[in-house]
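Shown below: data_39.cif, with mmCIF, N, CA and C atoms and all ligand atoms.
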```cif
data_model
#
loop_
_atom_site.label_atom_id
_atom_site.label_comp_id
_atom_site.auth_asym_id
_atom_site.auth_seq_id
_atom_site.Cartn_x
_atom_site.Cartn_y
_atom_site.Cartn_z
N MET A 23 0.84 -1.19 0.00
CA MET A 23 0.00 0.00 0.00
C MET A 23 0.89 1.25 0.00
N VAL A 24 0.53 2.19 -0.86
CA VAL A 24 1.30 3.43 -0.99
C VAL A 24 0.69 4.48 -0.05
N SER A 25 1.54 5.12 0.74
CA SER A 25 1.06 6.16 1.65
C SER A 25 0.60 7.38 0.86
N ALA A 26 -0.18 8.22 1.51
CA ALA A 26 -0.65 9.45 0.86
C ALA A 26 0.53 10.34 0.49
N ALA A 27 1.52 10.38 1.36
CA ALA A 27 2.71 11.21 1.08
C ALA A 27 3.45 10.68 -0.14
N GLN A 28 3.60 9.36 -0.23
CA GLN A 28 4.29 8.78 -1.37
C GLN A 28 3.49 9.00 -2.65
N ALA A 29 2.18 8.85 -2.57
CA ALA A 29 1.33 9.09 -3.74
C ALA A 29 1.44 10.53 -4.21
N ALA A 30 1.48 11.47 -3.25
CA ALA A 30 1.62 12.89 -3.62
C ALA A 30 2.97 13.13 -4.29
N LEU A 31 4.03 12.54 -3.74
CA LEU A 31 5.36 12.69 -4.33
C LEU A 31 5.40 12.08 -5.73
N ASP A 32 4.81 10.91 -5.88
CA ASP A 32 4.80 10.23 -7.18
C ASP A 32 4.03 11.02 -8.24
N SER A 33 3.11 11.87 -7.81
CA SER A 33 2.30 12.63 -8.77
C SER A 33 3.04 13.84 -9.32
N LEU A 34 4.18 14.19 -8.72
CA LEU A 34 4.92 15.38 -9.16
C LEU A 34 5.73 15.10 -10.41
N GLU A 35 6.06 16.18 -11.12
CA GLU A 35 6.96 16.07 -12.26
C GLU A 35 8.32 15.56 -11.79
N LEU A 36 9.05 14.88 -12.68
CA LEU A 36 10.34 14.29 -12.33
C LEU A 36 11.30 15.28 -11.67
N PRO A 37 11.45 16.51 -12.18
CA PRO A 37 12.39 17.42 -11.50
C PRO A 37 12.02 17.67 -10.04
N TRP A 38 10.72 17.77 -9.75
CA TRP A 38 10.32 17.95 -8.36
C TRP A 38 10.67 16.72 -7.53
N ARG A 39 10.40 15.57 -8.08
CA ARG A 39 10.73 14.33 -7.34
C ARG A 39 12.24 14.28 -7.06
N SER A 40 13.04 14.66 -8.04
CA SER A 40 14.50 14.65 -7.84
C SER A 40 14.91 15.68 -6.79
N ALA A 41 14.33 16.88 -6.87
CA ALA A 41 14.68 17.93 -5.90
C ALA A 41 14.27 17.53 -4.48
N PHE A 42 13.07 16.95 -4.34
CA PHE A 42 12.64 16.52 -3.00
C PHE A 42 13.48 15.33 -2.52
N GLY A 43 13.95 14.50 -3.44
CA GLY A 43 14.86 13.43 -3.04
C GLY A 43 16.16 13.99 -2.49
N CYS A 44 16.67 15.04 -3.12
CA CYS A 44 17.87 15.69 -2.62
C CYS A 44 17.60 16.31 -1.24
N ALA A 45 16.44 16.93 -1.09
CA ALA A 45 16.09 17.53 0.21
C ALA A 45 16.03 16.47 1.30
N TRP A 46 15.50 15.33 0.97
CA TRP A 46 15.43 14.23 1.94
C TRP A 46 16.83 13.78 2.34
N GLN A 47 17.75 13.72 1.38
CA GLN A 47 19.13 13.38 1.72
C GLN A 47 19.73 14.40 2.67
N SER A 48 19.42 15.69 2.46
CA SER A 48 19.91 16.72 3.38
C SER A 48 19.39 16.47 4.79
N ALA A 49 18.11 16.21 4.88
CA ALA A 49 17.51 15.97 6.20
C ALA A 49 18.15 14.75 6.87
N GLN A 50 18.37 13.71 6.11
CA GLN A 50 18.97 12.50 6.67
C GLN A 50 20.41 12.72 7.16
N ASN A 51 21.04 13.77 6.60
CA ASN A 51 22.42 14.06 6.98
C ASN A 51 22.52 15.26 7.93
N GLY A 52 21.40 15.71 8.47
CA GLY A 52 21.41 16.75 9.49
C GLY A 52 21.43 18.17 8.98
N SER A 53 21.34 18.36 7.67
CA SER A 53 21.31 19.72 7.11
C SER A 53 19.87 20.17 6.89
N VAL A 54 19.71 21.43 6.56
CA VAL A 54 18.39 21.96 6.24
C VAL A 54 17.86 21.22 5.03
N PRO A 55 16.64 20.71 5.08
CA PRO A 55 16.14 19.87 3.98
C PRO A 55 15.74 20.68 2.75
N VAL A 56 16.74 21.04 1.96
CA VAL A 56 16.47 21.76 0.71
C VAL A 56 17.26 21.07 -0.40
N GLY A 57 16.59 20.85 -1.52
CA GLY A 57 17.21 20.25 -2.68
C GLY A 57 16.92 21.05 -3.93
N ALA A 58 17.76 20.87 -4.95
CA ALA A 58 17.57 21.61 -6.20
C ALA A 58 18.07 20.77 -7.37
N VAL A 59 17.47 20.99 -8.52
CA VAL A 59 17.96 20.42 -9.78
C VAL A 59 17.86 21.48 -10.86
N VAL A 60 18.67 21.32 -11.90
CA VAL A 60 18.58 22.17 -13.09
C VAL A 60 18.18 21.27 -14.24
N THR A 61 17.20 21.73 -15.02
CA THR A 61 16.79 21.00 -16.21
C THR A 61 17.09 21.82 -17.46
N SER A 62 17.38 21.10 -18.53
CA SER A 62 17.57 21.74 -19.83
C SER A 62 16.20 22.08 -20.41
N ALA A 63 16.21 22.69 -21.59
CA ALA A 63 14.96 23.11 -22.22
C ALA A 63 14.02 21.94 -22.47
N ASP A 64 14.56 20.76 -22.70
CA ASP A 64 13.70 19.60 -22.95
C ASP A 64 13.28 18.87 -21.67
N GLY A 65 13.65 19.43 -20.52
CA GLY A 65 13.23 18.86 -19.24
C GLY A 65 14.17 17.84 -18.64
N THR A 66 15.31 17.62 -19.27
CA THR A 66 16.29 16.66 -18.75
C THR A 66 17.02 17.26 -17.54
N VAL A 67 17.11 16.50 -16.46
CA VAL A 67 17.87 16.94 -15.30
C VAL A 67 19.35 16.86 -15.63
N ILE A 68 20.04 18.01 -15.57
CA ILE A 68 21.47 18.04 -15.92
C ILE A 68 22.36 18.27 -14.71
N ALA A 69 21.78 18.68 -13.58
CA ALA A 69 22.57 18.89 -12.36
C ALA A 69 21.63 18.82 -11.17
N SER A 70 22.18 18.40 -10.05
CA SER A 70 21.39 18.38 -8.82
C SER A 70 22.31 18.69 -7.64
N GLY A 71 21.70 19.11 -6.55
CA GLY A 71 22.49 19.42 -5.36
C GLY A 71 21.57 19.57 -4.17
N ARG A 72 22.20 19.68 -3.02
CA ARG A 72 21.41 19.81 -1.80
C ARG A 72 22.16 20.63 -0.78
N ALA A 73 21.42 21.10 0.22
CA ALA A 73 22.03 21.84 1.32
C ALA A 73 22.93 20.90 2.11
N ARG A 74 24.09 21.42 2.51
CA ARG A 74 25.06 20.63 3.28
C ARG A 74 25.67 21.46 4.40
N SER A 75 24.96 22.48 4.86
CA SER A 75 25.56 23.41 5.82
C SER A 75 25.93 22.76 7.15
N MET A 76 25.28 21.69 7.54
CA MET A 76 25.54 21.08 8.83
C MET A 76 26.40 19.82 8.72
N GLU A 77 26.97 19.58 7.55
CA GLU A 77 27.76 18.37 7.34
C GLU A 77 29.25 18.70 7.38
N THR A 78 30.04 17.81 7.91
CA THR A 78 31.47 18.05 8.06
C THR A 78 32.30 17.46 6.94
N SER A 79 31.66 16.80 5.99
CA SER A 79 32.39 16.28 4.84
C SER A 79 31.46 16.23 3.64
N GLY A 80 32.07 16.12 2.46
CA GLY A 80 31.28 16.06 1.23
C GLY A 80 32.20 15.82 0.06
N PRO A 81 31.62 15.55 -1.10
CA PRO A 81 32.45 15.29 -2.27
C PRO A 81 33.20 16.55 -2.73
N VAL A 82 34.26 16.32 -3.48
CA VAL A 82 35.02 17.43 -4.05
C VAL A 82 34.11 18.25 -4.96
N GLY A 83 34.19 19.56 -4.86
CA GLY A 83 33.42 20.43 -5.74
C GLY A 83 32.11 20.92 -5.17
N VAL A 84 31.76 20.52 -3.96
CA VAL A 84 30.55 21.03 -3.32
C VAL A 84 30.92 21.69 -2.00
N LEU A 85 30.09 22.62 -1.58
CA LEU A 85 30.30 23.28 -0.29
C LEU A 85 29.62 22.48 0.81
N PHE A 86 30.26 22.42 1.96
CA PHE A 86 29.66 21.79 3.15
C PHE A 86 30.26 22.47 4.38
N ASN A 87 29.60 22.28 5.52
CA ASN A 87 30.09 22.82 6.79
C ASN A 87 30.29 24.33 6.76
N THR A 88 29.41 25.03 6.05
CA THR A 88 29.43 26.49 6.01
C THR A 88 28.00 26.97 5.78
N THR A 89 27.71 28.16 6.29
CA THR A 89 26.33 28.65 6.17
C THR A 89 25.92 28.91 4.73
N ILE A 90 26.87 29.00 3.82
CA ILE A 90 26.51 29.27 2.42
C ILE A 90 26.40 28.00 1.58
N ALA A 91 26.42 26.84 2.21
CA ALA A 91 26.31 25.56 1.48
C ALA A 91 24.86 25.23 1.16
N HIS A 92 24.25 26.08 0.36
CA HIS A 92 22.84 25.91 0.00
C HIS A 92 22.70 25.01 -1.22
N ALA A 93 21.50 24.45 -1.38
CA ALA A 93 21.23 23.52 -2.47
C ALA A 93 21.48 24.15 -3.84
N GLU A 94 21.05 25.38 -4.01
CA GLU A 94 21.21 26.03 -5.31
C GLU A 94 22.69 26.22 -5.64
N ILE A 95 23.48 26.63 -4.64
CA ILE A 95 24.92 26.85 -4.85
C ILE A 95 25.58 25.53 -5.25
N ASN A 96 25.26 24.47 -4.54
CA ASN A 96 25.88 23.18 -4.86
C ASN A 96 25.39 22.62 -6.19
N THR A 97 24.20 22.99 -6.60
CA THR A 97 23.71 22.57 -7.92
C THR A 97 24.41 23.36 -9.02
N ILE A 98 24.47 24.65 -8.85
CA ILE A 98 25.12 25.50 -9.87
C ILE A 98 26.60 25.18 -9.99
N ALA A 99 27.24 24.81 -8.86
CA ALA A 99 28.67 24.45 -8.89
C ALA A 99 28.94 23.24 -9.77
N ALA A 100 27.92 22.43 -10.02
CA ALA A 100 28.08 21.25 -10.86
C ALA A 100 27.97 21.57 -12.35
N LEU A 101 27.63 22.81 -12.68
CA LEU A 101 27.44 23.19 -14.08
C LEU A 101 28.69 23.83 -14.66
N PRO A 102 29.02 23.53 -15.92
CA PRO A 102 30.10 24.27 -16.58
C PRO A 102 29.74 25.75 -16.69
N PRO A 103 30.75 26.63 -16.71
CA PRO A 103 30.47 28.08 -16.75
C PRO A 103 30.04 28.58 -18.12
N LYS A 104 28.74 28.47 -18.38
CA LYS A 104 28.15 29.04 -19.59
C LYS A 104 26.75 29.50 -19.23
N GLY A 105 26.07 30.14 -20.13
CA GLY A 105 24.73 30.61 -19.84
C GLY A 105 23.68 29.51 -19.97
N TYR A 106 22.61 29.66 -19.20
CA TYR A 106 21.52 28.67 -19.23
C TYR A 106 20.16 29.37 -19.35
N PRO A 107 20.02 30.26 -20.33
CA PRO A 107 18.79 31.05 -20.40
C PRO A 107 17.53 30.24 -20.66
N ASP A 108 17.67 29.07 -21.28
CA ASP A 108 16.50 28.23 -21.54
C ASP A 108 16.39 27.07 -20.55
N HIS A 109 17.11 27.17 -19.45
CA HIS A 109 17.09 26.13 -18.42
C HIS A 109 16.27 26.60 -17.22
N THR A 110 15.90 25.64 -16.38
CA THR A 110 15.10 25.92 -15.19
C THR A 110 15.79 25.32 -13.97
N ILE A 111 15.82 26.09 -12.87
CA ILE A 111 16.26 25.53 -11.60
C ILE A 111 15.02 25.31 -10.74
N TRP A 112 14.90 24.10 -10.22
CA TRP A 112 13.76 23.68 -9.41
C TRP A 112 14.27 23.54 -7.98
N VAL A 113 13.71 24.31 -7.07
CA VAL A 113 14.20 24.34 -5.69
C VAL A 113 13.03 24.06 -4.76
N THR A 114 13.28 23.27 -3.72
CA THR A 114 12.19 22.92 -2.81
C THR A 114 11.79 24.06 -1.90
N LEU A 115 12.67 25.05 -1.73
CA LEU A 115 12.38 26.22 -0.91
C LEU A 115 12.78 27.47 -1.67
N GLU A 116 12.01 28.50 -1.55
CA GLU A 116 12.28 29.76 -2.25
C GLU A 116 13.74 30.18 -2.04
N PRO A 117 14.46 30.50 -3.11
CA PRO A 117 15.87 30.86 -2.97
C PRO A 117 16.07 32.13 -2.15
N CYS A 118 17.17 32.13 -1.37
CA CYS A 118 17.55 33.31 -0.59
C CYS A 118 18.27 34.29 -1.51
N LEU A 119 18.63 35.44 -0.97
CA LEU A 119 19.32 36.46 -1.78
C LEU A 119 20.63 35.93 -2.36
N GLN A 120 21.40 35.21 -1.54
CA GLN A 120 22.66 34.63 -2.04
C GLN A 120 22.40 33.76 -3.26
N CYS A 121 21.39 32.91 -3.17
CA CYS A 121 21.14 31.96 -4.25
C CYS A 121 20.51 32.63 -5.46
N ILE A 122 19.66 33.63 -5.23
CA ILE A 122 19.15 34.39 -6.38
C ILE A 122 20.32 35.02 -7.13
N GLY A 123 21.29 35.55 -6.36
CA GLY A 123 22.47 36.13 -7.01
C GLY A 123 23.22 35.10 -7.83
N ALA A 124 23.40 33.91 -7.27
CA ALA A 124 24.11 32.85 -8.00
C ALA A 124 23.34 32.43 -9.25
N ILE A 125 22.02 32.38 -9.13
CA ILE A 125 21.18 32.00 -10.28
C ILE A 125 21.31 33.04 -11.39
N VAL A 126 21.34 34.31 -11.01
CA VAL A 126 21.50 35.39 -12.00
C VAL A 126 22.88 35.30 -12.64
N VAL A 127 23.92 35.10 -11.83
CA VAL A 127 25.29 35.00 -12.36
C VAL A 127 25.41 33.80 -13.30
N ALA A 128 24.76 32.68 -12.96
CA ALA A 128 24.81 31.48 -13.80
C ALA A 128 23.92 31.62 -15.03
N ARG A 129 23.14 32.69 -15.08
CA ARG A 129 22.24 32.99 -16.21
C ARG A 129 21.27 31.84 -16.47
N ILE A 130 20.64 31.38 -15.38
CA ILE A 130 19.58 30.37 -15.49
C ILE A 130 18.28 31.13 -15.69
N GLY A 131 17.55 30.78 -16.73
CA GLY A 131 16.41 31.58 -17.15
C GLY A 131 15.18 31.54 -16.27
N THR A 132 14.91 30.39 -15.65
CA THR A 132 13.66 30.25 -14.91
C THR A 132 13.92 29.62 -13.55
N VAL A 133 13.23 30.14 -12.54
CA VAL A 133 13.31 29.59 -11.18
C VAL A 133 11.93 29.08 -10.81
N ARG A 134 11.88 27.85 -10.34
CA ARG A 134 10.64 27.31 -9.79
C ARG A 134 10.94 26.85 -8.37
N PHE A 135 10.08 27.23 -7.44
CA PHE A 135 10.28 26.78 -6.07
C PHE A 135 8.97 26.27 -5.50
N ALA A 136 9.09 25.32 -4.56
CA ALA A 136 7.90 24.66 -4.03
C ALA A 136 7.31 25.40 -2.84
N GLY A 137 8.15 25.86 -1.95
CA GLY A 137 7.66 26.51 -0.74
C GLY A 137 8.24 27.90 -0.57
N SER A 138 7.43 28.82 -0.09
CA SER A 138 7.89 30.17 0.18
C SER A 138 8.68 30.20 1.48
N ASP A 139 9.62 31.14 1.59
CA ASP A 139 10.38 31.34 2.81
C ASP A 139 10.33 32.82 3.17
N PRO A 140 9.27 33.25 3.84
CA PRO A 140 9.12 34.67 4.13
C PRO A 140 10.16 35.21 5.10
N SER A 141 10.93 34.34 5.75
CA SER A 141 11.92 34.81 6.72
C SER A 141 13.15 35.41 6.06
N CYS A 142 13.45 35.03 4.83
CA CYS A 142 14.71 35.53 4.26
C CYS A 142 14.67 35.75 2.76
N CYS A 143 13.54 35.60 2.15
CA CYS A 143 13.56 35.50 0.69
C CYS A 143 13.08 36.75 -0.02
N PRO A 144 13.69 37.01 -1.15
CA PRO A 144 13.42 38.25 -1.86
C PRO A 144 12.02 38.39 -2.40
N SER A 145 11.46 37.36 -2.95
CA SER A 145 10.18 37.55 -3.63
C SER A 145 9.03 37.73 -2.65
N SER A 146 9.15 37.18 -1.45
CA SER A 146 8.05 37.34 -0.51
C SER A 146 8.31 38.44 0.51
N SER A 147 9.55 38.60 0.97
CA SER A 147 9.79 39.59 2.01
C SER A 147 10.22 40.94 1.47
N ILE A 148 10.83 40.96 0.30
CA ILE A 148 11.29 42.22 -0.27
C ILE A 148 10.38 42.66 -1.40
N GLY A 149 9.72 41.74 -2.01
CA GLY A 149 8.80 42.11 -3.05
C GLY A 149 9.07 41.43 -4.37
N GLY A 150 10.25 40.87 -4.52
CA GLY A 150 10.53 40.06 -5.69
C GLY A 150 11.00 40.82 -6.91
N ASP A 151 10.89 42.14 -6.89
CA ASP A 151 11.28 42.88 -8.08
C ASP A 151 12.76 43.20 -8.12
N ILE A 152 13.45 43.12 -6.99
CA ILE A 152 14.87 43.48 -6.98
C ILE A 152 15.68 42.52 -7.85
N PRO A 153 15.60 41.20 -7.64
CA PRO A 153 16.38 40.33 -8.52
C PRO A 153 15.94 40.43 -9.98
N ARG A 154 14.66 40.57 -10.20
CA ARG A 154 14.18 40.65 -11.58
C ARG A 154 14.69 41.92 -12.25
N ALA A 155 14.70 43.02 -11.51
CA ALA A 155 15.12 44.28 -12.10
C ALA A 155 16.60 44.25 -12.47
N ARG A 156 17.40 43.52 -11.71
CA ARG A 156 18.83 43.44 -11.97
C ARG A 156 19.17 42.40 -13.02
N ALA A 157 18.27 41.49 -13.25
CA ALA A 157 18.53 40.46 -14.25
C ALA A 157 18.16 40.98 -15.62
N SER A 158 18.91 40.52 -16.62
CA SER A 158 18.61 40.96 -17.98
C SER A 158 17.64 39.99 -18.65
N ARG A 159 17.13 39.07 -17.90
CA ARG A 159 16.21 38.08 -18.45
C ARG A 159 15.06 37.87 -17.48
N SER A 160 14.12 37.14 -17.89
CA SER A 160 12.95 36.87 -17.06
C SER A 160 13.25 35.76 -16.06
N ILE A 161 12.95 36.00 -14.81
CA ILE A 161 13.02 34.95 -13.80
C ILE A 161 11.60 34.74 -13.32
N ALA A 162 11.06 33.63 -13.67
CA ALA A 162 9.67 33.33 -13.30
C ALA A 162 9.66 32.39 -12.10
N SER A 163 8.80 32.65 -11.18
CA SER A 163 8.63 31.78 -10.02
C SER A 163 7.32 31.04 -10.16
N LYS A 164 7.40 29.73 -10.12
CA LYS A 164 6.18 28.92 -10.25
C LYS A 164 6.23 27.83 -9.20
N ARG A 165 5.11 27.52 -8.66
CA ARG A 165 5.01 26.44 -7.70
C ARG A 165 4.58 25.16 -8.40
N PRO A 166 4.93 24.01 -7.82
CA PRO A 166 4.51 22.76 -8.46
C PRO A 166 3.00 22.64 -8.51
N ARG A 167 2.55 22.01 -9.55
CA ARG A 167 1.12 21.79 -9.70
C ARG A 167 0.77 20.38 -9.35
ZN ZN B 1 20.20 30.11 -0.55
#
```

Just give me the structure of the file as structure tokens.
Amino acid sequence: MVSAAQAALDSLELPWRSAFGCAWQSAQNGSVPVGAVVTSADGTVIASGRARSMETSGPVGVLFNTTIAHAEINTIAALPPKGYPDHTIWVTLEPCLQCIGAIVVARIGTVRFAGSDPSCCPSSSIGGDIPRARASRSIASKRPR
């Protein structure tokens, strides 16, 4: 028998399932449960990452044991340095200012997040227009359906 939670997870698009899987790994390792993936224009997951701020070790090329070891940063760090205007980053929690900055620098065209974070996030606590005004492209925020 499939639990209601599992059924809800199974009903999500693949990028959401992957991002929530990353978030679950963070929780299991004592970090803030946030996960992220980047998809190409055709929807293929090309990078994934998770928060590792409370972990004392991790693979080469990812941040851990620091307050800036957010899921978006570790996901973007896995990407070669080129633009991604037709790509989407899927994040389980609304990106903070640091991560919005990284997303803009990485030139990822679309941001989708599952949950709002009114305690620290630009689109809900500041109004959302600051990152958009500084970006030369559209950053759309959409929640999973
Ligand atoms: Zn962040």

Could you give me, as a list in words, every polymer residue with an atom at most 7 Å away from an atom of ligand ZN 1 (chain B), counting only C-alpha atoms and all ligand atoms?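 Those within range of ligand ZN 1 (chain B) are His92, Ala93, Glu94, Pro117, Cys118, Leu119, Gln120 and Cys121 of chain A.
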
Spatial neighbours of A:Ile68, 7 Å, all atoms listed in the file, chain gap at least 4 places, as a PyMOL selection string: chain A and resi 59-62+100

From a DSSP calculation on the backbone, collect every residue of chain A in helix (DSSP H, G or I) and output the set as JSON, numbers by chain. {"A": [26, 27, 28, 29, 30, 31, 32, 36, 37, 38, 39, 40, 41, 42, 43, 44, 45, 46, 47, 48, 49, 50, 93, 94, 95, 96, 97, 98, 119, 120, 121, 122, 123, 124, 125, 126, 127, 144, 145, 146, 147, 148, 151, 152, 153, 154, 155, 156]}

May I have the selected residues written with N, CA and C atoms, as a compact mmCIF listing (two decimals), in the frame of the given file?
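Saved as selection.txt:
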```txt
# COMPACT_ATOMS: atom_id res chain seq x y z
N ALA A 26 -0.18 8.22 1.51
CA ALA A 26 -0.65 9.45 0.86
C ALA A 26 0.53 10.34 0.49
N ALA A 27 1.52 10.38 1.36
CA ALA A 27 2.71 11.21 1.08
C ALA A 27 3.45 10.68 -0.14
N GLN A 28 3.60 9.36 -0.23
CA GLN A 28 4.29 8.78 -1.37
C GLN A 28 3.49 9.00 -2.65
N ALA A 29 2.18 8.85 -2.57
CA ALA A 29 1.33 9.09 -3.74
C ALA A 29 1.44 10.53 -4.21
N ALA A 30 1.48 11.47 -3.25
CA ALA A 30 1.62 12.89 -3.62
C ALA A 30 2.97 13.13 -4.29
N LEU A 31 4.03 12.54 -3.74
CA LEU A 31 5.36 12.69 -4.33
C LEU A 31 5.40 12.08 -5.73
N ASP A 32 4.81 10.91 -5.88
CA ASP A 32 4.80 10.23 -7.18
C ASP A 32 4.03 11.02 -8.24
N LEU A 36 9.05 14.88 -12.68
CA LEU A 36 10.34 14.29 -12.33
C LEU A 36 11.30 15.28 -11.67
N PRO A 37 11.45 16.51 -12.18
CA PRO A 37 12.39 17.42 -11.50
C PRO A 37 12.02 17.67 -10.04
N TRP A 38 10.72 17.77 -9.75
CA TRP A 38 10.32 17.95 -8.36
C TRP A 38 10.67 16.72 -7.53
N ARG A 39 10.40 15.57 -8.08
CA ARG A 39 10.73 14.33 -7.34
C ARG A 39 12.24 14.28 -7.06
N SER A 40 13.04 14.66 -8.04
CA SER A 40 14.50 14.65 -7.84
C SER A 40 14.91 15.68 -6.79
N ALA A 41 14.33 16.88 -6.87
CA ALA A 41 14.68 17.93 -5.90
C ALA A 41 14.27 17.53 -4.48
N PHE A 42 13.07 16.95 -4.34
CA PHE A 42 12.64 16.52 -3.00
C PHE A 42 13.48 15.33 -2.52
N GLY A 43 13.95 14.50 -3.44
CA GLY A 43 14.86 13.43 -3.04
C GLY A 43 16.16 13.99 -2.49
N CYS A 44 16.67 15.04 -3.12
CA CYS A 44 17.87 15.69 -2.62
C CYS A 44 17.60 16.31 -1.24
N ALA A 45 16.44 16.93 -1.09
CA ALA A 45 16.09 17.53 0.21
C ALA A 45 16.03 16.47 1.30
N TRP A 46 15.50 15.33 0.97
CA TRP A 46 15.43 14.23 1.94
C TRP A 46 16.83 13.78 2.34
N GLN A 47 17.75 13.72 1.38
CA GLN A 47 19.13 13.38 1.72
C GLN A 47 19.73 14.40 2.67
N SER A 48 19.42 15.69 2.46
CA SER A 48 19.91 16.72 3.38
C SER A 48 19.39 16.47 4.79
N ALA A 49 18.11 16.21 4.88
CA ALA A 49 17.51 15.97 6.20
C ALA A 49 18.15 14.75 6.87
N GLN A 50 18.37 13.71 6.11
CA GLN A 50 18.97 12.50 6.67
C GLN A 50 20.41 12.72 7.16
N ALA A 93 21.50 24.45 -1.38
CA ALA A 93 21.23 23.52 -2.47
C ALA A 93 21.48 24.15 -3.84
N GLU A 94 21.05 25.38 -4.01
CA GLU A 94 21.21 26.03 -5.31
C GLU A 94 22.69 26.22 -5.64
N ILE A 95 23.48 26.63 -4.64
CA ILE A 95 24.92 26.85 -4.85
C ILE A 95 25.58 25.53 -5.25
N ASN A 96 25.26 24.47 -4.54
CA ASN A 96 25.88 23.18 -4.86
C ASN A 96 25.39 22.62 -6.19
N THR A 97 24.20 22.99 -6.60
CA THR A 97 23.71 22.57 -7.92
C THR A 97 24.41 23.36 -9.02
N ILE A 98 24.47 24.65 -8.85
CA ILE A 98 25.12 25.50 -9.87
C ILE A 98 26.60 25.18 -9.99
N LEU A 119 18.63 35.44 -0.97
CA LEU A 119 19.32 36.46 -1.78
C LEU A 119 20.63 35.93 -2.36
N GLN A 120 21.40 35.21 -1.54
CA GLN A 120 22.66 34.63 -2.04
C GLN A 120 22.40 33.76 -3.26
N CYS A 121 21.39 32.91 -3.17
CA CYS A 121 21.14 31.96 -4.25
C CYS A 121 20.51 32.63 -5.46
N ILE A 122 19.66 33.63 -5.23
CA ILE A 122 19.15 34.39 -6.38
C ILE A 122 20.32 35.02 -7.13
N GLY A 123 21.29 35.55 -6.36
CA GLY A 123 22.47 36.13 -7.01
C GLY A 123 23.22 35.10 -7.83
N ALA A 124 23.40 33.91 -7.27
CA ALA A 124 24.11 32.85 -8.00
C ALA A 124 23.34 32.43 -9.25
N ILE A 125 22.02 32.38 -9.13
CA ILE A 125 21.18 32.00 -10.28
C ILE A 125 21.31 33.04 -11.39
N VAL A 126 21.34 34.31 -11.01
CA VAL A 126 21.50 35.39 -12.00
C VAL A 126 22.88 35.30 -12.64
N VAL A 127 23.92 35.10 -11.83
CA VAL A 127 25.29 35.00 -12.36
C VAL A 127 25.41 33.80 -13.30
N PRO A 144 13.69 37.01 -1.15
CA PRO A 144 13.42 38.25 -1.86
C PRO A 144 12.02 38.39 -2.40
N SER A 145 11.46 37.36 -2.95
CA SER A 145 10.18 37.55 -3.63
C SER A 145 9.03 37.73 -2.65
N SER A 146 9.15 37.18 -1.45
CA SER A 146 8.05 37.34 -0.51
C SER A 146 8.31 38.44 0.51
N SER A 147 9.55 38.60 0.97
CA SER A 147 9.79 39.59 2.01
C SER A 147 10.22 40.94 1.47
N ILE A 148 10.83 40.96 0.30
CA ILE A 148 11.29 42.22 -0.27
C ILE A 148 10.38 42.66 -1.40
N ASP A 151 10.89 42.14 -6.89
CA ASP A 151 11.28 42.88 -8.08
C ASP A 151 12.76 43.20 -8.12
N ILE A 152 13.45 43.12 -6.99
CA ILE A 152 14.87 43.48 -6.98
C ILE A 152 15.68 42.52 -7.85
N PRO A 153 15.60 41.20 -7.64
CA PRO A 153 16.38 40.33 -8.52
C PRO A 153 15.94 40.43 -9.98
N ARG A 154 14.66 40.57 -10.20
CA ARG A 154 14.18 40.65 -11.58
C ARG A 154 14.69 41.92 -12.25
N ALA A 155 14.70 43.02 -11.51
CA ALA A 155 15.12 44.28 -12.10
C ALA A 155 16.60 44.25 -12.47
N ARG A 156 17.40 43.52 -11.71
CA ARG A 156 18.83 43.44 -11.97
C ARG A 156 19.17 42.40 -13.02
```

I'd like the contact shell of A:Leu85 - 6 Å cut-off, only N, CA and C atoms, skipping same-chain residues fewer than 5 positions apart - returned as a list of chain:residue names.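 After dropping sequence-adjacent residues, the list is A:Arg74, A:Ala91, A:Asn96.
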
Between A:Ile90, A:Ala58, A:Ala73, A:Ala45, which has the minimum distance to A:Val133 (counting only C-alpha atoms)?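 Smallest separation from A:Val133 among the options: A:Ala58.
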
Ranking A:Ser53, A:Ser25, A:Thr114, A:Asn87 by minimum distance to A:Ser40 and counting only C-alpha atoms, which one comes first? A:Thr114

Contacts of A:Thr110 at 12 Å or less, counting only C-alpha atoms, minus same-chain residues fewer than 2 places along, as a PyMOL selection string? chain A and resi 37-38+58-70+94+97-98+105-108+112-113+125-126+128-135+160-164

In Å, how far is it from atom CA of A:Glu77 to atom CA of A:Thr89?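 Separation of atom CA of A:Glu77 and atom CA of A:Thr89: 10.4 Å.
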
Which residue gives the smallest distance to A:Thr78 among A:Gly43, A:Gly52, A:Pro140, A:Gly123, with only C-alpha atoms counted?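 Closest residue, counting only C-alpha atoms: A:Gly52.
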
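Taking atom N of A:Met76 as the reference point, atom C of A:Val54 is found at 7.8 Å.
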
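If you look at atom CA of A:Val82 and atom CA of A:Asp139, they are 29.1 Å away from each other.
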